[in-house]
$ cat coords-v3.cif   # mmCIF, C-alpha atoms
data_structure
#
loop_
_atom_site.group_PDB
_atom_site.id
_atom_site.type_symbol
_atom_site.label_atom_id
_atom_site.label_comp_id
_atom_site.auth_asym_id
_atom_site.auth_seq_id
_atom_site.Cartn_x
_atom_site.Cartn_y
_atom_site.Cartn_z
ATOM 1 C CA ASP A 228 0.000 0.000 0.000
ATOM 2 C CA GLY A 229 2.960 2.300 -0.534
ATOM 3 C CA GLU A 230 3.627 2.842 3.176
ATOM 4 C CA SER A 231 5.773 -0.218 3.881
ATOM 5 C CA GLU A 232 9.000 1.817 4.156
ATOM 6 C CA ASP A 233 7.579 3.398 7.323
ATOM 7 C CA ARG A 234 6.424 0.119 8.825
ATOM 8 C CA PRO A 235 8.602 -2.785 7.686
ATOM 9 C CA GLY A 236 6.891 -6.144 8.018
ATOM 10 C CA ILE A 237 3.399 -4.766 8.604
ATOM 11 C CA VAL A 238 1.262 -6.420 5.927
ATOM 12 C CA HIS A 239 -2.107 -4.974 7.011
ATOM 13 C CA ARG A 240 -3.620 -3.050 9.911
ATOM 14 C CA LEU A 241 -6.320 -3.470 12.507
ATOM 15 C CA ASP A 242 -8.373 -0.507 13.711
ATOM 16 C CA GLN A 243 -7.357 0.940 17.071
ATOM 17 C CA PHE A 244 -9.656 -1.124 19.309
ATOM 18 C CA THR A 245 -9.815 -4.254 17.148
ATOM 19 C CA GLU A 246 -8.107 -7.115 18.923
ATOM 20 C CA GLY A 247 -6.818 -10.323 17.424
ATOM 21 C CA LEU A 248 -4.650 -11.705 14.675
ATOM 22 C CA LEU A 249 -2.273 -9.757 12.475
ATOM 23 C CA ILE A 250 0.169 -10.915 9.779
ATOM 24 C CA ILE A 251 3.710 -9.545 10.048
ATOM 25 C CA ALA A 252 6.289 -10.397 7.372
ATOM 26 C CA LYS A 253 9.893 -11.173 8.337
ATOM 27 C CA SER A 254 11.423 -10.096 5.008
ATOM 28 C CA ASN A 255 10.696 -7.648 2.197
ATOM 29 C CA ASP A 256 10.083 -10.545 -0.214
ATOM 30 C CA ALA A 257 7.547 -12.090 2.158
ATOM 31 C CA LEU A 258 5.943 -8.667 2.617
ATOM 32 C CA GLN A 259 5.427 -8.283 -1.146
ATOM 33 C CA ILE A 260 4.010 -11.803 -1.532
ATOM 34 C CA LEU A 261 1.592 -11.386 1.397
ATOM 35 C CA GLN A 262 0.456 -7.943 0.206
ATOM 36 C CA ASP A 263 -0.231 -9.507 -3.209
ATOM 37 C CA GLN A 264 -2.341 -12.194 -1.502
ATOM 38 C CA PHE A 265 -4.383 -9.431 0.154
ATOM 39 C CA ARG A 266 -4.856 -7.626 -3.156
ATOM 40 C CA GLN A 267 -5.898 -10.871 -4.877
ATOM 41 C CA ARG A 268 -8.327 -11.643 -2.000
ATOM 42 C CA LYS A 269 -6.583 -14.918 -1.161
ATOM 43 C CA ILE A 270 -6.404 -14.100 2.563
ATOM 44 C CA ILE A 271 -9.133 -15.472 4.839
ATOM 45 C CA LYS A 272 -10.147 -12.690 7.265
ATOM 46 C CA ARG A 273 -12.829 -13.547 9.815
ATOM 47 C CA TYR A 274 -14.039 -11.361 12.628
ATOM 48 C CA TYR A 275 -16.441 -11.432 15.533
ATOM 49 C CA ALA A 276 -18.399 -8.260 16.234
ATOM 50 C CA VAL A 277 -20.956 -7.227 18.801
ATOM 51 C CA LEU A 278 -23.554 -4.971 17.184
ATOM 52 C CA VAL A 279 -26.087 -2.652 18.777
ATOM 53 C CA GLY A 280 -29.473 -3.713 17.434
ATOM 54 C CA VAL A 281 -30.910 -6.683 15.583
ATOM 55 C CA LEU A 282 -30.302 -7.303 11.886
ATOM 56 C CA LYS A 283 -33.338 -7.992 9.673
ATOM 57 C CA MET A 284 -31.494 -10.757 7.833
ATOM 58 C CA LYS A 285 -29.704 -13.311 10.022
ATOM 59 C CA GLU A 286 -27.240 -14.050 7.238
ATOM 60 C CA GLY A 287 -26.247 -11.896 4.313
ATOM 61 C CA VAL A 288 -23.806 -10.050 2.120
ATOM 62 C CA ILE A 289 -23.254 -6.308 2.349
ATOM 63 C CA ASP A 290 -21.958 -5.201 -1.043
ATOM 64 C CA ARG A 291 -21.689 -1.410 -0.852
ATOM 65 C CA PRO A 292 -18.755 0.742 -1.954
ATOM 66 C CA ILE A 293 -16.945 2.756 0.719
ATOM 67 C CA GLY A 294 -15.218 6.110 0.283
ATOM 68 C CA ARG A 295 -14.045 9.106 2.315
ATOM 69 C CA ASP A 296 -16.915 10.751 4.172
ATOM 70 C CA ARG A 297 -17.828 14.159 2.716
ATOM 71 C CA SER A 298 -18.228 15.905 6.068
ATOM 72 C CA VAL A 299 -16.057 14.126 8.679
ATOM 73 C CA ARG A 300 -12.429 13.673 7.684
ATOM 74 C CA ALA A 301 -11.764 10.761 10.087
ATOM 75 C CA ARG A 302 -14.711 8.772 8.738
ATOM 76 C CA GLN A 303 -15.462 6.551 5.770
ATOM 77 C CA SER A 304 -18.963 6.246 4.313
ATOM 78 C CA CYS A 305 -21.073 4.182 1.963
ATOM 79 C CA ASN A 306 -23.736 6.908 1.702
ATOM 80 C CA HIS A 307 -22.065 10.329 1.505
ATOM 81 C CA TYR A 308 -18.559 9.850 0.161
ATOM 82 C CA VAL A 309 -16.279 12.116 -1.837
ATOM 83 C CA ASP A 310 -16.869 11.250 -5.504
ATOM 84 C CA GLY A 311 -14.046 9.139 -6.884
ATOM 85 C CA SER A 312 -12.843 8.019 -3.443
ATOM 86 C CA GLU A 313 -15.121 4.981 -3.292
ATOM 87 C CA LYS A 314 -13.868 1.405 -3.607
ATOM 88 C CA GLU A 315 -15.680 -1.917 -3.738
ATOM 89 C CA ALA A 316 -16.404 -3.332 -0.271
ATOM 90 C CA ILE A 317 -17.948 -6.752 0.440
ATOM 91 C CA THR A 318 -18.796 -8.162 3.876
ATOM 92 C CA HIS A 319 -20.420 -11.581 4.514
ATOM 93 C CA TYR A 320 -22.028 -12.081 7.920
ATOM 94 C CA LEU A 321 -23.905 -14.632 10.008
ATOM 95 C CA VAL A 322 -25.734 -13.808 13.250
ATOM 96 C CA LYS A 323 -24.555 -16.334 15.861
ATOM 97 C CA ASN A 324 -26.490 -15.003 18.842
ATOM 98 C CA GLU A 325 -28.836 -12.121 19.581
ATOM 99 C CA THR A 326 -30.877 -10.564 22.334
ATOM 100 C CA THR A 327 -33.539 -7.898 21.845
ATOM 101 C CA THR A 328 -30.848 -5.192 21.806
ATOM 102 C CA VAL A 329 -27.516 -6.754 20.749
ATOM 103 C CA SER A 330 -26.264 -9.126 18.036
ATOM 104 C CA PHE A 331 -23.124 -11.257 17.999
ATOM 105 C CA VAL A 332 -22.019 -11.832 14.407
ATOM 106 C CA ASP A 333 -19.411 -13.872 12.587
ATOM 107 C CA ILE A 334 -17.988 -11.883 9.662
ATOM 108 C CA ASN A 335 -16.075 -13.020 6.601
ATOM 109 C CA LEU A 336 -14.361 -9.947 5.173
ATOM 110 C CA ILE A 337 -13.970 -10.326 1.415
ATOM 111 C CA THR A 338 -12.382 -6.920 0.800
ATOM 112 C CA GLY A 339 -10.458 -4.965 3.431
ATOM 113 C CA ARG A 340 -11.372 -1.286 3.292
ATOM 114 C CA THR A 341 -10.582 1.137 6.092
ATOM 115 C CA HIS A 342 -13.223 0.729 8.858
ATOM 116 C CA GLN A 343 -15.203 -1.585 6.533
ATOM 117 C CA ILE A 344 -17.038 -3.619 9.191
ATOM 118 C CA ARG A 345 -17.849 -0.511 11.212
ATOM 119 C CA VAL A 346 -19.104 1.430 8.156
ATOM 120 C CA HIS A 347 -21.181 -1.422 6.704
ATOM 121 C CA PHE A 348 -23.008 -2.298 9.916
ATOM 122 C CA ALA A 349 -23.564 1.365 10.832
ATOM 123 C CA ALA A 350 -25.202 1.729 7.384
ATOM 124 C CA LEU A 351 -27.616 -1.061 8.407
ATOM 125 C CA ASN A 352 -28.390 0.833 11.643
ATOM 126 C CA CYS A 353 -26.611 -1.827 13.712
ATOM 127 C CA PRO A 354 -23.285 -0.193 14.615
ATOM 128 C CA VAL A 355 -20.480 -2.030 16.390
ATOM 129 C CA LEU A 356 -20.924 -1.779 20.159
ATOM 130 C CA GLY A 357 -18.844 1.080 21.560
ATOM 131 C CA ASP A 358 -18.132 2.689 18.168
ATOM 132 C CA SER A 359 -18.569 6.413 18.775
ATOM 133 C CA LEU A 360 -17.214 7.413 15.334
ATOM 134 C CA TYR A 361 -19.969 5.680 13.329
ATOM 135 C CA SER A 362 -22.863 6.016 15.771
ATOM 136 C CA LYS A 363 -24.248 8.216 18.509
ATOM 137 C CA GLN A 364 -22.819 5.964 21.228
ATOM 138 C CA ARG A 365 -20.608 7.375 23.916
ATOM 139 C CA GLN A 366 -16.979 6.418 23.626
ATOM 140 C CA ARG A 367 -16.247 3.447 25.893
ATOM 141 C CA ARG A 368 -13.026 3.149 27.836
ATOM 142 C CA ASP A 369 -12.589 -0.370 26.439
ATOM 143 C CA GLY A 370 -13.286 0.746 22.867
ATOM 144 C CA TYR A 371 -15.520 -1.027 20.416
ATOM 145 C CA TYR A 372 -16.217 -4.745 20.265
ATOM 146 C CA LEU A 373 -14.466 -6.240 17.259
ATOM 147 C CA GLN A 374 -12.067 -9.200 17.089
ATOM 148 C CA SER A 375 -9.994 -10.518 14.198
ATOM 149 C CA TYR A 376 -10.271 -14.205 15.149
ATOM 150 C CA GLN A 377 -9.157 -16.041 12.013
ATOM 151 C CA LEU A 378 -6.499 -15.453 9.353
ATOM 152 C CA GLY A 379 -5.642 -17.823 6.537
ATOM 153 C CA PHE A 380 -2.948 -17.348 3.923
ATOM 154 C CA TYR A 381 -0.306 -19.130 1.873
ATOM 155 C CA HIS A 382 3.161 -19.193 3.431
ATOM 156 C CA PRO A 383 5.278 -16.795 1.332
ATOM 157 C CA ILE A 384 8.162 -19.289 0.950
ATOM 158 C CA SER A 385 6.731 -22.835 1.128
ATOM 159 C CA ASN A 386 3.279 -21.867 -0.256
ATOM 160 C CA GLU A 387 1.759 -24.075 2.463
ATOM 161 C CA GLU A 388 -1.829 -23.166 3.335
ATOM 162 C CA LEU A 389 -1.910 -21.779 6.887
ATOM 163 C CA LEU A 390 -4.957 -21.035 9.047
ATOM 164 C CA PHE A 391 -4.806 -19.429 12.495
ATOM 165 C CA THR A 392 -7.847 -19.198 14.774
ATOM 166 C CA LEU A 393 -8.381 -17.595 18.180
ATOM 167 C CA PRO A 394 -11.198 -18.354 20.632
ATOM 168 C CA VAL A 395 -13.734 -15.602 21.306
ATOM 169 C CA SER A 396 -11.974 -12.961 23.401
ATOM 170 C CA ASP A 397 -12.935 -12.321 27.016
ATOM 171 C CA ARG A 398 -14.442 -8.925 26.105
ATOM 172 C CA LEU A 399 -16.811 -10.400 23.521
ATOM 173 C CA LYS A 400 -17.474 -13.761 25.176
ATOM 174 C CA GLN A 401 -20.461 -12.611 27.251
ATOM 175 C CA TYR A 402 -22.323 -11.728 24.008
ATOM 176 C CA ALA A 403 -21.438 -14.950 22.187
ATOM 177 C CA LYS A 404 -23.574 -17.271 24.307
ATOM 178 C CA ASP A 405 -27.201 -17.312 25.281
ATOM 179 C CA LYS A 406 -27.618 -16.047 28.812
#
$ encode --input "coords-v3.cif" --output "structure tokens"
Amino acid sequence: DGESEDRPGIVHRLDQFTEGLLIIAKSNDALQILQDQFRQRKIIKRYYAVLVGVLKMKEGVIDRPIGRDRSVRARQSCNHYVDGSEKEAITHYLVKNETTTVSFVDINLITGRTHQIRVHFAALNCPVLGDSLYSKQRQRRDGYYLQSYQLGFYHPISNEELLFTLPVSDRLKQYAKDK
């Protein structure tokens, strides 16, 4: 993404309060190969999120372009973006558990736009819990509830298929199970 000189080894980023898995390359060659895998959508990127609200569809695909928000510089948008800044953004989701006010969802991120999960679910009026940038929620000391729990990719040298999975984090766990 043109910034690798400033952050050697960093293949991709997670938003500030997103916890979980990250790929870090140990060489420039590996970095290039892994970045290519991201561009070609060969990387498996799965997330858990806690959303405020209940989704109409319990399983679905959000296929809405995302671009820079016209009015708030720090934000992205799929409704009011700067013309020409938009890029394709695709999010698959499955509701795993819900109450009358909160949903716990499993997300398969097909593309990887800045703030994609947060923007897409806010557009469906079910923002990520604790996300004060994309909703009217107060900022929480523990941030918003998003976890990168699974990453799959091809090893840059051996080409072996690798898949790493974390259990649901302690912060999100209470929302994952029926009470």
$ closest_residue --input "coords-v3.cif" --among "A:Cys305, A:Val346, A:Arg297, A:Leu282" --to "Val322 (chain A)" --atoms "all atoms listed in the file"
A:Leu282
$ residues_around --input "coords-v3.cif" --residues "Phe391 (chain A)" --least-positions-apart "5" --cutoff "12 Å" --atoms "all atoms listed in the file" --output "list in words"
Gly247, Leu248, Leu249, Ile250, Ile270, Ile271, Lys272, Arg273, Ser375, Tyr376, Gln377, Leu378, Gly379, Phe380 and Tyr381 of chain A
$ closest_residue --input "coords-v3.cif" --among "A:Leu351, A:Thr327, A:Leu360, A:Leu258" --to "Asp296 (chain A)" --atoms "all atoms listed in the file"
A:Leu360
$ residues_near_point --input "coords-v3.cif" --point "(-18.1, 12.2, 1.2)" --cutoff "7 Å" --atoms "only C-alpha atoms" --output "MDAnalysis selection string"
chainID A and resid 294:298 304 307:310
$ resolve_selection --input "coords-v3.cif" --expression "the PyMOL selection byres ((chain A and resi 403) around 9)" --output "VMD selection string"
chain A and resid 277 323 to 325 330 to 332 395 399 to 402 404 to 405
$ axis_aligned_box --input "coords-v3.cif" --around "region 335-345 of chain A" --padding-each-side "8 Å" --output "lines of an AutoDock Vina configuration file"
center_x = -14.2
center_y = -5.9
center_z = 6.0
size_x = 23.4
size_y = 30.2
size_z = 26.4
$ resolve_selection --input "coords-v3.cif" --expression "the PyMOL selection byres ((chain A and resi 253) around 12)" --output "VMD selection string"
chain A and resid 234 to 238 250 to 252 254 to 261 382 to 384
$ resolve_selection --input "coords-v3.cif" --expression "the PyMOL selection byres ((chain A and resi 293) around 7)" --output "PDB file with C-alpha atoms, in the frame of the given file"
ATOM      1  CA  ARG A 291     -21.689  -1.410  -0.852  1.00  0.00           C
ATOM      2  CA  PRO A 292     -18.755   0.742  -1.954  1.00  0.00           C
ATOM      3  CA  GLY A 294     -15.218   6.110   0.283  1.00  0.00           C
ATOM      4  CA  GLN A 303     -15.462   6.551   5.770  1.00  0.00           C
ATOM      5  CA  SER A 304     -18.963   6.246   4.313  1.00  0.00           C
ATOM      6  CA  CYS A 305     -21.073   4.182   1.963  1.00  0.00           C
ATOM      7  CA  GLU A 313     -15.121   4.981  -3.292  1.00  0.00           C
ATOM      8  CA  LYS A 314     -13.868   1.405  -3.607  1.00  0.00           C
ATOM      9  CA  GLU A 315     -15.680  -1.917  -3.738  1.00  0.00           C
ATOM     10  CA  ALA A 316     -16.404  -3.332  -0.271  1.00  0.00           C
TER      11      ALA A 316
END
$ closest_residue --input "coords-v3.cif" --among "A:His342, A:Leu373, A:Leu389, A:Arg240" --to "Ala301 (chain A)" --atoms "all atoms listed in the file"
A:His342
$ atom_distance --input "coords-v3.cif" --atom1 "CA of Asp290 (chain A)" --atom2 "CA of Thr245 (chain A)"
21.9 Å
$ closest_residue --input "coords-v3.cif" --among "A:Asp333, A:Tyr275, A:Arg365, A:Ala350" --to "Glu246 (chain A)" --atoms "all atoms listed in the file"
A:Tyr275
